[in-house]
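Asker: If you scroll down you'll find the structure; I have some questions about it.
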Amino acid sequence: MTSAPAPGPAAFMAARRRPEVLAPAGDRDSIRAAVENGADAVYFGVRKYSARARAANFAIEELPDLFSFLHLRGVKGYVAFNTLLFPEELEEAERMLLGIIEAGADALILQDFGVARLAREISPDIPLHASTQTTTTSAEQMKSLAELGFSRVILARELSVPEIRKIRESTSMDLEVFVHGALCVAYSGQCLTSEALGGRSANRGACAQACRLPYSLVVDGETRDLGDRKYLVSPRDLAAYDLVAELADLVIALKIEGRLKSPAYVAATTRAYRKAVDELGARFERDEVLALQQVFSRGFSKGFLAGVNHQDLVPALSPKKRGVFLGVVEEVDRARVRLCLEGPLAPGDGVVFDYGKPEDDEPGGRVTHLWREDVRAARADAPDEVEFEVHGNPRVEAGWRVWKTSGPVLERELRASFDIVRRRVPVDAMVEEVDGSLRLTLSDGKHRVTADAGPLVPARNRPLMPEFLREHLGRLGSTPFELRRLESNLGNVILPVSRLNELRRRAAAELERARRACPERRVRPGALARLRRAAPVAKSEEIEPPTARAPRLSSLRPSLASAPPRGGFAPSASPAPFL
């Protein structure tokens, strides 16, 4: 069996006219959720030097198997190595970068410009993506980023669509934007609040989310009464599915935030933005929007993509995941709660009762019984007047708002979307007679492999007709492939079915090997030593003393200290295979 030369990647990418859907992954299930729901690429971190230290992340030893799995399925993998490093960490960083590149990474996402120089010195071929933490807001920054070796820039999240368009018109670099997920109240990469208040640096992957705490507003020395608006710097989540058609001509990738989110979140958001890209301008149905709210939402906005609207971006009522708004409690009769629904509800759904103090342990639980017009119901939706009971009969009062925080039906559906192989790679097959043998050629548009079986003999009754060949060559269920087109140039010949099936298996296995292969990258060991030899040495009198650390505000320290630990790095674990 031999592998024929594959067409170049330039022709493959030229056919791509729409931006890639870039999904987050904090663990193995999230990788599968992204792949099966249509991601073109995923991004994830390793267990050190990643801006999401609390995510499960991946050990360097796991990466070859991970990239093999992704490339087999036609998905790219970008590694977020996007924290700031100290000088004494550079030797370890060099070893890790070398391991990531040799494992088959499709790109590195970097914040630290020194790390960018190091990565480029290690490999002149590995693509570098400038992280959103580089706070790139103008085309004037592009020249410096290009000189450092970056080919793609993940723009700051504070830009509007017209501002992105202006940058697009002024640079040839690839641009990427966030379209969904949590927003930082500060320019990404420029928030030092967590470090100042709690000693945990966001630029080291250990943000304590100080923006999600309650604050008081003091104006000219007087505390202003804001009622229940206490979360003054806690933004809503970004949801820009309505803007994808506008962004499609401006950027090469649409990025979903969420390496700390669940696989269900990854599945739902990836599926949504796959549709938004494939059906540009298509309207999202109500159920699709409700699914996005259900998996994770602090309330949705278009962020700064639609311009500056601080009141819409920060309603200041809650920092928590809320989900789907169900309505306001009208009456409580012993265990029964009555309200007019504004969203769907069913027994088994999880609800929480909001009385304006999200810092408290809010009551809630699973719905055990549901009535519509005093008749037990399996489901209800707006504008139904319903009564329901919650497990444990929590104390509830009229006027409280009700949110659906979870739904088993949606959770099962999302889990089923990635529990088995569903998304397959289309392949084309050509069958022909070569020197008395049958030759099968499989092509995925990038790789092309051939396998031979024979000898062929003249057919007496049933020659190898295209319909028969499609039936047997299309049995690719144990592989990630599906047969798209079949071309047959055979005469009146026949081959035993067992040989035909074996031919299909060998060709599919060869195509798998070709797809799993790591991209060819030049690597140059000793990069750090070369850079150090070339670096000028500053005189001691030229080095300014470090500035004093900003004082910590003791009034907020208890809130940060009580938060769950977010720093540190998990120990390496033995990798388990994806397939």
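Just remember, in the structure tokens the first chain shown is A, the second B, etc., residues are 1-based per chain, and ligands are 1-based in the order shown.
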Quick one: everything within 10 Å of Asp228 in chain A, counting only C-alpha atoms, minus sequence neighbours fewer than 6 positions away in the same chain. Send it as a list in words.
Answerer: Ala316, Leu317, Ser318, Tyr355, Gly356, Lys357 and Pro358 of chain A
Asker: For the residues selected in the previous step, produce a file with N, CA, C and O atoms as an mmCIF file, in the first residue's frame.
Answerer:
```cif
data_model
loop_
_atom_site.group_PDB
_atom_site.id
_atom_site.type_symbol
_atom_site.label_atom_id
_atom_site.label_comp_id
_atom_site.auth_asym_id
_atom_site.auth_seq_id
_atom_site.Cartn_x
_atom_site.Cartn_y
_atom_site.Cartn_z
ATOM 1 N N ALA A 316 -25.768 44.994 37.540
ATOM 2 C CA ALA A 316 -25.318 45.069 38.939
ATOM 3 C C ALA A 316 -26.217 44.328 39.921
ATOM 4 O O ALA A 316 -26.106 44.544 41.123
ATOM 5 N N LEU A 317 -27.077 43.437 39.459
ATOM 6 C CA LEU A 317 -28.011 42.760 40.360
ATOM 7 C C LEU A 317 -27.486 41.434 40.896
ATOM 8 O O LEU A 317 -27.878 41.003 41.984
ATOM 9 N N SER A 318 -26.637 40.756 40.150
ATOM 10 C CA SER A 318 -26.161 39.444 40.581
ATOM 11 C C SER A 318 -24.890 39.078 39.835
ATOM 12 O O SER A 318 -24.736 39.419 38.653
ATOM 13 N N TYR A 355 -34.406 36.719 45.763
ATOM 14 C CA TYR A 355 -35.074 37.789 46.511
ATOM 15 C C TYR A 355 -34.168 39.001 46.666
ATOM 16 O O TYR A 355 -34.353 39.826 47.573
ATOM 17 N N GLY A 356 -33.213 39.138 45.757
ATOM 18 C CA GLY A 356 -32.389 40.338 45.716
ATOM 19 C C GLY A 356 -31.138 40.312 46.553
ATOM 20 O O GLY A 356 -30.465 41.334 46.691
ATOM 21 N N LYS A 357 -30.796 39.136 47.116
ATOM 22 C CA LYS A 357 -29.569 39.021 47.902
ATOM 23 C C LYS A 357 -28.788 37.788 47.447
ATOM 24 O O LYS A 357 -28.748 36.768 48.126
ATOM 25 N N PRO A 358 -28.178 37.874 46.267
ATOM 26 C CA PRO A 358 -27.470 36.699 45.736
ATOM 27 C C PRO A 358 -26.279 36.267 46.570
ATOM 28 O O PRO A 358 -25.784 35.146 46.406
#
```
Asker: What is the distance between CA of Arg401 in chain A and CA of Leu326 in chain A, in Å to one decimal?
Answerer: 7.7 Å
Asker: So which residues touch Leu280 in chain A within 8 Å, counting only C-alpha atoms, skipping near sequence neighbours fewer than 4 positions away, as a VMD selection string?
Answerer: chain A and resid 244 to 245 275 to 276
Asker: Using DSSP on the backbone, list every residue of range 41-227 of chain A that comes out as helix (DSSP H, G or I), and give them as a PyMOL selection string.
Answerer: chain A and resi 60-72+87-103+113-122+132-134+139-147+161-168+193-198+202-204+210-212
Asker: Show me, as a list in words, the residues that have an atom within 10 Å of Asp312 in chain A when counting only C-alpha atoms, minus same-chain residues fewer than 4 positions from it.
Answerer: Pro235, Arg236, Gly299, Phe300, Ser301, Lys302, Gly303, Val308 and Ala316 of chain A
Asker: Given the choices A:Gly198, A:Gly281, A:Gly474, A:Pro394, which gets closest to Val427 in chain A if the distance is worked out from only C-alpha atoms?
Answerer: A:Gly474
Asker: At what distance in Å, to one decimal, does CA of Gln190 in chain A lie from CA of Arg204 in chain A?
Answerer: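 According to the coordinates, CA of Arg204 in chain A and CA of Gln190 in chain A are separated by 12.1 Å.
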Asker: Please run DSSP on the backbone and report, as an NGL selection string, all residues within range 188-399 of chain A that come out as strand (DSSP E or B).
Answerer: :A and (217-219 or 222-224 or 237-239 or 253-256 or 300-301 or 324-328 or 331-333 or 336-340 or 345 or 350-354 or 364-372 or 375-376 or 380 or 385-390)
Asker: Interatomic distance between CA of Ile164 in chain A and CA of Ile252 in chain A?
Answerer: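 Pair CA of Ile164 in chain A / CA of Ile252 in chain A returns 12.2 Å.
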Asker: Can you tell me which residues surround Gly45 in chain A at a distance of at most 7 Å, considering only C-alpha atoms, apart from same-chain residues fewer than 6 positions away, and format the answer as a list in words?
Answerer: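 Skipping anything fewer than 6 positions along the chain leaves Asn57, Phe58, Val79, Ala80 and Phe81 of chain A.
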Asker: Okay, now the selection with N, CA and C atoms, as a compact mmCIF listing (two decimals), in the first residue's frame?
Answerer:
```txt
# COMPACT_ATOMS: atom_id res chain seq x y z
N ASN A 57 -7.05 21.07 32.52
CA ASN A 57 -5.89 21.21 31.63
C ASN A 57 -5.28 19.84 31.30
N PHE A 58 -4.14 19.85 30.64
CA PHE A 58 -3.56 18.60 30.15
C PHE A 58 -2.08 18.54 30.47
N VAL A 79 -2.76 25.62 21.82
CA VAL A 79 -2.38 25.53 23.23
C VAL A 79 -2.21 26.93 23.80
N ALA A 80 -2.98 27.21 24.86
CA ALA A 80 -2.88 28.49 25.55
C ALA A 80 -1.75 28.42 26.57
N PHE A 81 -0.65 29.06 26.24
CA PHE A 81 0.52 29.15 27.12
C PHE A 81 0.65 30.64 27.46
```
